[in-house]
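Notes follow the structure.
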Amino acid sequence: MDEKIFISPSKYVQGRGVLDKTGEYVKDLGKKALLIADEFVWGIAANRVADSLKEVGLDVVEVTFEGESSEAEIKRIVKKAESEGADIIVGIGGGKTLDTAKGVRDRLKGAACAIVPTTASTDAPTSALSVIYSEDGVFERYSFYSKNPDMILVDSTVIASAPPKFLAAGIADALATWVEARASFEGRGTTMAGGKATIAGLAIAEKCEQVLFDYGLLAYEANKRGVVSHALEQVIEANTLLSGLGFESGGLALAHAVHNGFTVLDGDIHHLSHGEKVSFGILTQLAWEDRNQFEINRYIQLLSKLGLPVTFKDLHIEEISRDELLKVAQTALQEGESSHNLASVPSADDLVDAMVAADQYSIAYLGK
């Protein structure tokens with residue numbers, strides 16, 4: 001497709017105390033809200049959202065998310081939503097909860113969707129797609145929807161009180177935005193929006209990178225102290241809105257494909273977050289592209305200062321065999337993966353070499 005396409009949510013709201021104003025923003029979307037959150041998030045945020053919705057006269061149905069954005073989980077919650085007659089789906093929590101909420105809304109024709117992230121760990125909140133995993137956590141596919149969420153509500157005080165590792169993971173996910181959008185544009189790739197990148201999509205992706213290099217470490221330090229600083233507000237927006245719009249309307253490439261490849265491995269790497277695996281995917285893509293050492297080192301420096309994986313050891317795969325890396329590469333390069341947006345798609349052996357190079361670049365730069 002040669003058409004340029006830009007898509008986005010209808011409204012994005014960010015600031016202190018937004019959680020307790022959810023009802024004001026959501027009240028015109030419908031009459032009965034089904035809230036999805038995991039057990040932990042119910043305690044820290046979802047009950048406050050439920051109270052805010054009830055204050056404006058909305059009926060509320062509560063559902064506990066069971067941990068995986070799988071086809072089975074979406075079907076389970078759809079059945080509940082249909083039986084209750086819910087016409088607003090509210091996802092509260094991390095990326096997998098939010099992806100599940102979007103999947104549920106898509107099956108309920110005419111329903112609205114509000115997204116309330118409790119961390120700034122991924123760019124999942126704004127997009128019209130979900131990453132679908134098996135019930136064992138292995139990547140299966142992207143599921144695309146006809147529209148983005150109607151409402152994104154981000155409470156900066158909630159983000160500031162979350163563990164800093166989530167913000168760091170979100171920075172890694174967001175740092176991939178420009179790296180991948182640039183490569184996808186150069187390869188005339190198709191974006192997640194279903195067409196070619198717009199000027200707006202690319203500009204947002206590039207601005208996302210600038211904000212993260214300017215404010216990332218300052219925001220991380222603020223998060224450690226639970227402080228809602230200017231830097232933290234900037235990075236919350238970059239991780240959530242700029243990265244979300246930038247990846248969806250700018251294009252994905254190799255960094256996220258490598259992340260998806262890593263999901264086939266067993267062991268401790270399986271417990272790393274999305275952003276932590278994307279961190280190494282960024283370096284792998286830069287190595288494959290033969291970007292200059294100054295650019296690669298710039299990323300290694302920021303990622304490592306945020307405590308993110310930049311070596312095989314950091315990923316807990318320092319003893320991995322080449323055959324196992326080939327399985328990762330083959331998964332990352334399978335038909336339909338975003339790696340095919342590159343101007344030149346590597347072979348599986350070439351991709352393994354790029355992963356090894358990324359590992360060695362980091363070891364050399366950091367003196368590990």
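Ligands are numbered from 1 in the order shown, residues from 1 within each chain, and chains are lettered A, B, ... in the order they appear in the structure tokens.
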- Message: List as number ranges by chain the protein and nucleic acid residues near segment 134-148 of chain A, meaning an atom at most 10 Å away when only C-alpha atoms are counted, but skip any in the same chain fewer than 3 places from it.
- Response: A: 7-10, 67-73, 99, 102-103, 105-107, 112-114, 125-131, 151-152, 192-194, 259-266, 270-271, 331, 336-337
Please, could you write that set of residues out with N, CA and C atoms as a compact mmCIF listing (two decimals), in the first residue's frame?
# COMPACT_ATOMS: atom_id res chain seq x y z
N ILE A 7 -2.78 7.32 12.60
CA ILE A 7 -3.90 7.03 13.49
C ILE A 7 -3.51 7.38 14.92
N SER A 8 -4.52 7.61 15.76
CA SER A 8 -4.24 8.01 17.13
C SER A 8 -5.49 7.83 18.00
N PRO A 9 -5.32 7.83 19.34
CA PRO A 9 -6.49 7.82 20.23
C PRO A 9 -7.22 9.15 20.14
N SER A 10 -8.47 9.16 20.61
CA SER A 10 -9.27 10.39 20.54
C SER A 10 -8.82 11.44 21.54
N GLY A 67 -3.19 -12.46 33.96
CA GLY A 67 -1.75 -12.40 33.76
C GLY A 67 -1.21 -12.51 32.36
N GLU A 68 -1.98 -12.96 31.38
CA GLU A 68 -1.45 -13.12 30.02
C GLU A 68 -2.43 -12.57 28.99
N SER A 69 -1.92 -11.77 28.06
CA SER A 69 -2.79 -11.24 27.00
C SER A 69 -2.93 -12.31 25.91
N SER A 70 -3.70 -13.32 26.23
CA SER A 70 -3.88 -14.47 25.35
C SER A 70 -5.29 -14.47 24.77
N GLU A 71 -5.47 -15.27 23.75
CA GLU A 71 -6.78 -15.42 23.14
C GLU A 71 -7.79 -15.94 24.16
N ALA A 72 -7.37 -16.88 24.99
CA ALA A 72 -8.27 -17.45 26.00
C ALA A 72 -8.72 -16.41 27.01
N GLU A 73 -7.80 -15.53 27.42
CA GLU A 73 -8.14 -14.51 28.40
C GLU A 73 -9.10 -13.48 27.82
N ASP A 99 -3.47 -4.45 26.64
CA ASP A 99 -3.68 -5.14 25.36
C ASP A 99 -4.91 -6.03 25.43
N LYS A 102 -8.04 -3.86 25.11
CA LYS A 102 -8.29 -3.46 23.72
C LYS A 102 -8.87 -4.62 22.91
N GLY A 103 -8.38 -5.83 23.19
CA GLY A 103 -8.90 -7.00 22.50
C GLY A 103 -10.35 -7.26 22.85
N ARG A 105 -12.58 -4.96 23.86
CA ARG A 105 -13.39 -3.92 23.22
C ARG A 105 -13.64 -4.23 21.75
N ASP A 106 -12.62 -4.75 21.09
CA ASP A 106 -12.77 -5.03 19.65
C ASP A 106 -13.85 -6.07 19.38
N ARG A 107 -14.05 -7.01 20.31
CA ARG A 107 -15.08 -8.05 20.12
C ARG A 107 -16.48 -7.55 20.47
N ALA A 112 -16.96 1.41 23.94
CA ALA A 112 -15.86 2.37 24.03
C ALA A 112 -14.73 1.76 24.85
N CYS A 113 -13.55 2.38 24.79
CA CYS A 113 -12.39 1.86 25.51
C CYS A 113 -11.62 3.00 26.15
N ALA A 114 -11.39 2.89 27.45
CA ALA A 114 -10.54 3.83 28.18
C ALA A 114 -9.36 3.05 28.75
N PRO A 125 -0.52 1.70 25.57
CA PRO A 125 -1.80 2.38 25.84
C PRO A 125 -2.49 3.02 24.63
N THR A 126 -1.74 3.62 23.72
CA THR A 126 -2.38 4.43 22.69
C THR A 126 -2.75 3.67 21.42
N SER A 127 -2.21 2.48 21.22
CA SER A 127 -2.27 1.85 19.90
C SER A 127 -3.56 1.07 19.64
N ALA A 128 -3.82 0.84 18.35
CA ALA A 128 -4.97 0.06 17.90
C ALA A 128 -4.56 -1.37 17.61
N LEU A 129 -3.75 -1.92 18.48
CA LEU A 129 -3.31 -3.31 18.31
C LEU A 129 -2.95 -3.89 19.66
N SER A 130 -2.92 -5.21 19.71
CA SER A 130 -2.46 -5.93 20.90
C SER A 130 -1.41 -6.94 20.49
N VAL A 131 -0.48 -7.19 21.39
CA VAL A 131 0.45 -8.30 21.22
C VAL A 131 -0.18 -9.50 21.91
N MET A 151 -9.86 6.88 24.99
CA MET A 151 -9.35 7.73 26.06
C MET A 151 -8.12 7.11 26.71
N ILE A 152 -7.07 7.92 26.89
CA ILE A 152 -5.89 7.50 27.64
C ILE A 152 -5.78 8.43 28.85
N MET A 192 2.35 -0.07 11.34
CA MET A 192 1.29 -0.79 12.03
C MET A 192 -0.07 -0.16 11.74
N ALA A 193 -0.07 1.07 11.25
CA ALA A 193 -1.32 1.73 10.87
C ALA A 193 -1.85 1.23 9.52
N GLY A 194 -1.02 0.46 8.80
CA GLY A 194 -1.48 -0.17 7.56
C GLY A 194 -1.09 0.54 6.28
N HIS A 259 13.02 -8.88 19.96
CA HIS A 259 12.27 -9.14 21.20
C HIS A 259 11.36 -10.35 21.03
N ASN A 260 10.61 -10.37 19.94
CA ASN A 260 9.68 -11.49 19.71
C ASN A 260 10.43 -12.80 19.56
N GLY A 261 11.61 -12.74 18.97
CA GLY A 261 12.43 -13.94 18.85
C GLY A 261 12.86 -14.47 20.20
N PHE A 262 13.17 -13.58 21.12
CA PHE A 262 13.62 -14.01 22.45
C PHE A 262 12.54 -14.77 23.21
N THR A 263 11.28 -14.59 22.86
CA THR A 263 10.21 -15.27 23.60
C THR A 263 10.22 -16.79 23.40
N VAL A 264 10.99 -17.30 22.43
CA VAL A 264 11.04 -18.75 22.23
C VAL A 264 12.01 -19.43 23.20
N LEU A 265 12.82 -18.63 23.91
CA LEU A 265 13.80 -19.20 24.82
C LEU A 265 13.19 -19.51 26.18
N ASP A 266 13.74 -20.51 26.84
CA ASP A 266 13.38 -20.81 28.22
C ASP A 266 14.42 -20.17 29.15
N HIS A 270 13.09 -15.34 30.12
CA HIS A 270 11.63 -15.37 29.99
C HIS A 270 10.96 -14.44 30.99
N HIS A 271 11.68 -14.11 32.07
CA HIS A 271 11.11 -13.26 33.12
C HIS A 271 11.45 -11.79 32.93
N THR A 331 12.79 -16.91 14.33
CA THR A 331 11.50 -16.38 14.78
C THR A 331 11.38 -14.90 14.46
N GLY A 336 5.81 -11.96 7.97
CA GLY A 336 4.88 -11.11 8.70
C GLY A 336 5.52 -10.32 9.83
N GLU A 337 6.78 -10.66 10.18
CA GLU A 337 7.46 -9.92 11.24
C GLU A 337 7.90 -8.54 10.74
- Extract, using only C-alpha atoms, all DNA, RNA and protein residues at most 12 Å from Ala169 of chain A, discarding same-chain residues fewer than 2 positions from it, and format them as a ChimeraX atom specification. /A:94-95,119-123,163-167,171-176,216,220,235-236,239-240,272-280,303-304,306-309
Store the residues picked out above, limited to C-alpha atoms, as a PDB file, in the first residue's frame.
ATOM      1  CA  GLY A  94       0.541  -2.705  32.587  1.00  0.00           C
ATOM      2  CA  GLY A  95       0.917  -3.533  28.918  1.00  0.00           C
ATOM      3  CA  THR A 119       3.415   2.427  34.741  1.00  0.00           C
ATOM      4  CA  ALA A 120       5.174   4.113  31.838  1.00  0.00           C
ATOM      5  CA  SER A 121       6.747   0.801  30.849  1.00  0.00           C
ATOM      6  CA  THR A 122       5.402   0.377  27.292  1.00  0.00           C
ATOM      7  CA  ASP A 123       3.724   2.292  24.480  1.00  0.00           C
ATOM      8  CA  PRO A 163       9.261   0.891  40.694  1.00  0.00           C
ATOM      9  CA  PRO A 164      11.850   2.763  38.536  1.00  0.00           C
ATOM     10  CA  LYS A 165      12.620  -0.421  36.587  1.00  0.00           C
ATOM     11  CA  PHE A 166       9.262  -0.005  34.835  1.00  0.00           C
ATOM     12  CA  LEU A 167      10.119   3.524  33.701  1.00  0.00           C
ATOM     13  CA  ILE A 171      12.456   4.237  27.978  1.00  0.00           C
ATOM     14  CA  ALA A 172      14.031   1.275  26.175  1.00  0.00           C
ATOM     15  CA  ASP A 173      10.771   0.530  24.368  1.00  0.00           C
ATOM     16  CA  ALA A 174      10.470   4.205  23.421  1.00  0.00           C
ATOM     17  CA  LEU A 175      14.123   4.496  22.349  1.00  0.00           C
ATOM     18  CA  ALA A 176      13.393   1.876  19.716  1.00  0.00           C
ATOM     19  CA  GLY A 216      15.726  10.043  30.586  1.00  0.00           C
ATOM     20  CA  TYR A 220      14.771   7.935  36.321  1.00  0.00           C
ATOM     21  CA  VAL A 235       9.481  11.078  29.830  1.00  0.00           C
ATOM     22  CA  ILE A 236       6.036   9.767  30.781  1.00  0.00           C
ATOM     23  CA  ASN A 239       7.202   6.641  26.744  1.00  0.00           C
ATOM     24  CA  THR A 240       3.431   6.611  26.367  1.00  0.00           C
ATOM     25  CA  LEU A 272      12.526 -10.050  31.634  1.00  0.00           C
ATOM     26  CA  SER A 273      10.060  -7.362  30.621  1.00  0.00           C
ATOM     27  CA  HIS A 274       9.159  -6.314  27.092  1.00  0.00           C
ATOM     28  CA  GLY A 275      11.320  -3.195  27.276  1.00  0.00           C
ATOM     29  CA  GLU A 276      14.300  -5.044  28.724  1.00  0.00           C
ATOM     30  CA  LYS A 277      14.388  -7.382  25.728  1.00  0.00           C
ATOM     31  CA  VAL A 278      13.776  -4.511  23.290  1.00  0.00           C
ATOM     32  CA  SER A 279      16.842  -2.803  24.807  1.00  0.00           C
ATOM     33  CA  PHE A 280      19.129  -5.450  23.348  1.00  0.00           C
ATOM     34  CA  LEU A 303      20.663   1.956  28.384  1.00  0.00           C
ATOM     35  CA  SER A 304      23.369   0.706  30.754  1.00  0.00           C
ATOM     36  CA  LEU A 306      19.265   2.787  33.324  1.00  0.00           C
ATOM     37  CA  GLY A 307      20.185  -0.764  34.317  1.00  0.00           C
ATOM     38  CA  LEU A 308      18.903  -2.227  31.052  1.00  0.00           C
ATOM     39  CA  PRO A 309      20.315  -5.286  29.255  1.00  0.00           C
TER      40      PRO A 309
END
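With only C-alpha atoms as the atoms that count, the residue of A:His256, A:Arg48, A:Lys27, A:Arg16 with the shortest distance to Ala160 of chain A is A:Arg16.
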- Query: How far is it from atom CA of Lys11 of chain A to atom CA of Tyr25 of chain A, in Å with one decimal?
  - Reply: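 So the answer is 9.5 Å.
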Contact residues around Thr191 of chain A with only C-alpha atoms at 10 Å, ignoring same-chain residues under 5 positions, as a compact mmCIF listing (two decimals) with N, CA, C and O atoms, in the first residue's frame:
# COMPACT_ATOMS: atom_id res chain seq x y z
N LYS A 4 -0.25 7.05 2.72
CA LYS A 4 0.23 7.40 4.05
C LYS A 4 -0.95 7.33 5.03
O LYS A 4 -2.04 7.79 4.69
N ILE A 5 -0.70 6.78 6.22
CA ILE A 5 -1.77 6.67 7.21
C ILE A 5 -1.25 7.10 8.58
O ILE A 5 -0.16 6.67 9.00
N PHE A 6 -2.02 7.92 9.27
CA PHE A 6 -1.72 8.31 10.65
C PHE A 6 -2.95 8.02 11.50
O PHE A 6 -4.06 8.43 11.13
N ALA A 181 11.52 3.43 13.22
CA ALA A 181 10.77 4.24 12.25
C ALA A 181 11.69 4.70 11.12
O ALA A 181 11.30 4.68 9.94
N SER A 184 12.36 1.64 8.93
CA SER A 184 11.16 1.27 8.17
C SER A 184 10.92 2.26 7.03
O SER A 184 10.56 1.86 5.92
N PHE A 185 11.13 3.54 7.29
CA PHE A 185 10.96 4.56 6.25
C PHE A 185 11.97 4.34 5.12
O PHE A 185 11.61 4.38 3.93
N LYS A 196 2.04 3.74 4.58
CA LYS A 196 3.38 4.31 4.70
C LYS A 196 3.41 5.35 5.80
O LYS A 196 2.38 5.90 6.20
N ALA A 197 4.61 5.64 6.28
CA ALA A 197 4.76 6.61 7.36
C ALA A 197 4.40 8.01 6.90
O ALA A 197 4.68 8.40 5.76
N THR A 198 3.77 8.76 7.79
CA THR A 198 3.49 10.17 7.53
C THR A 198 4.64 11.03 8.05
O THR A 198 5.45 10.57 8.88
N GLY A 201 4.15 11.16 11.78
CA GLY A 201 4.59 9.98 12.49
C GLY A 201 6.09 9.95 12.68
O GLY A 201 6.59 9.63 13.77
N GLY A 246 4.47 7.24 17.46
CA GLY A 246 5.63 7.09 16.58
C GLY A 246 5.80 5.69 16.04
O GLY A 246 6.09 5.50 14.86
N PHE A 247 5.62 4.67 16.90
CA PHE A 247 5.79 3.31 16.39
C PHE A 247 4.64 2.91 15.48
O PHE A 247 4.84 2.23 14.46
N GLU A 248 3.43 3.35 15.83
CA GLU A 248 2.26 2.87 15.08
C GLU A 248 2.17 3.53 13.71
O GLU A 248 1.83 2.88 12.71
N SER A 249 2.47 4.81 13.65
CA SER A 249 2.37 5.53 12.37
C SER A 249 3.72 5.81 11.74
O SER A 249 3.80 6.42 10.68
N GLY A 250 4.82 5.35 12.40
CA GLY A 250 6.16 5.52 11.85
C GLY A 250 6.75 4.21 11.35
O GLY A 250 7.44 4.18 10.34
N GLY A 251 6.46 3.12 12.06
CA GLY A 251 6.92 1.80 11.60
C GLY A 251 7.84 1.11 12.58
O GLY A 251 8.66 1.74 13.25
N LEU A 252 7.69 -0.21 12.68
CA LEU A 252 8.61 -1.06 13.45
C LEU A 252 9.61 -1.71 12.50
O LEU A 252 9.40 -1.75 11.29
N ALA A 253 10.70 -2.24 13.06
CA ALA A 253 11.69 -2.91 12.23
C ALA A 253 12.30 -4.09 12.99
O ALA A 253 11.58 -5.00 13.40
N SER A 338 8.06 -7.61 11.69
CA SER A 338 8.45 -6.24 11.34
C SER A 338 9.86 -6.15 10.79
O SER A 338 10.23 -5.14 10.19
N ASN A 341 10.39 -4.92 7.26
CA ASN A 341 10.33 -3.51 6.88
C ASN A 341 11.70 -2.94 6.55
O ASN A 341 11.81 -1.83 6.03
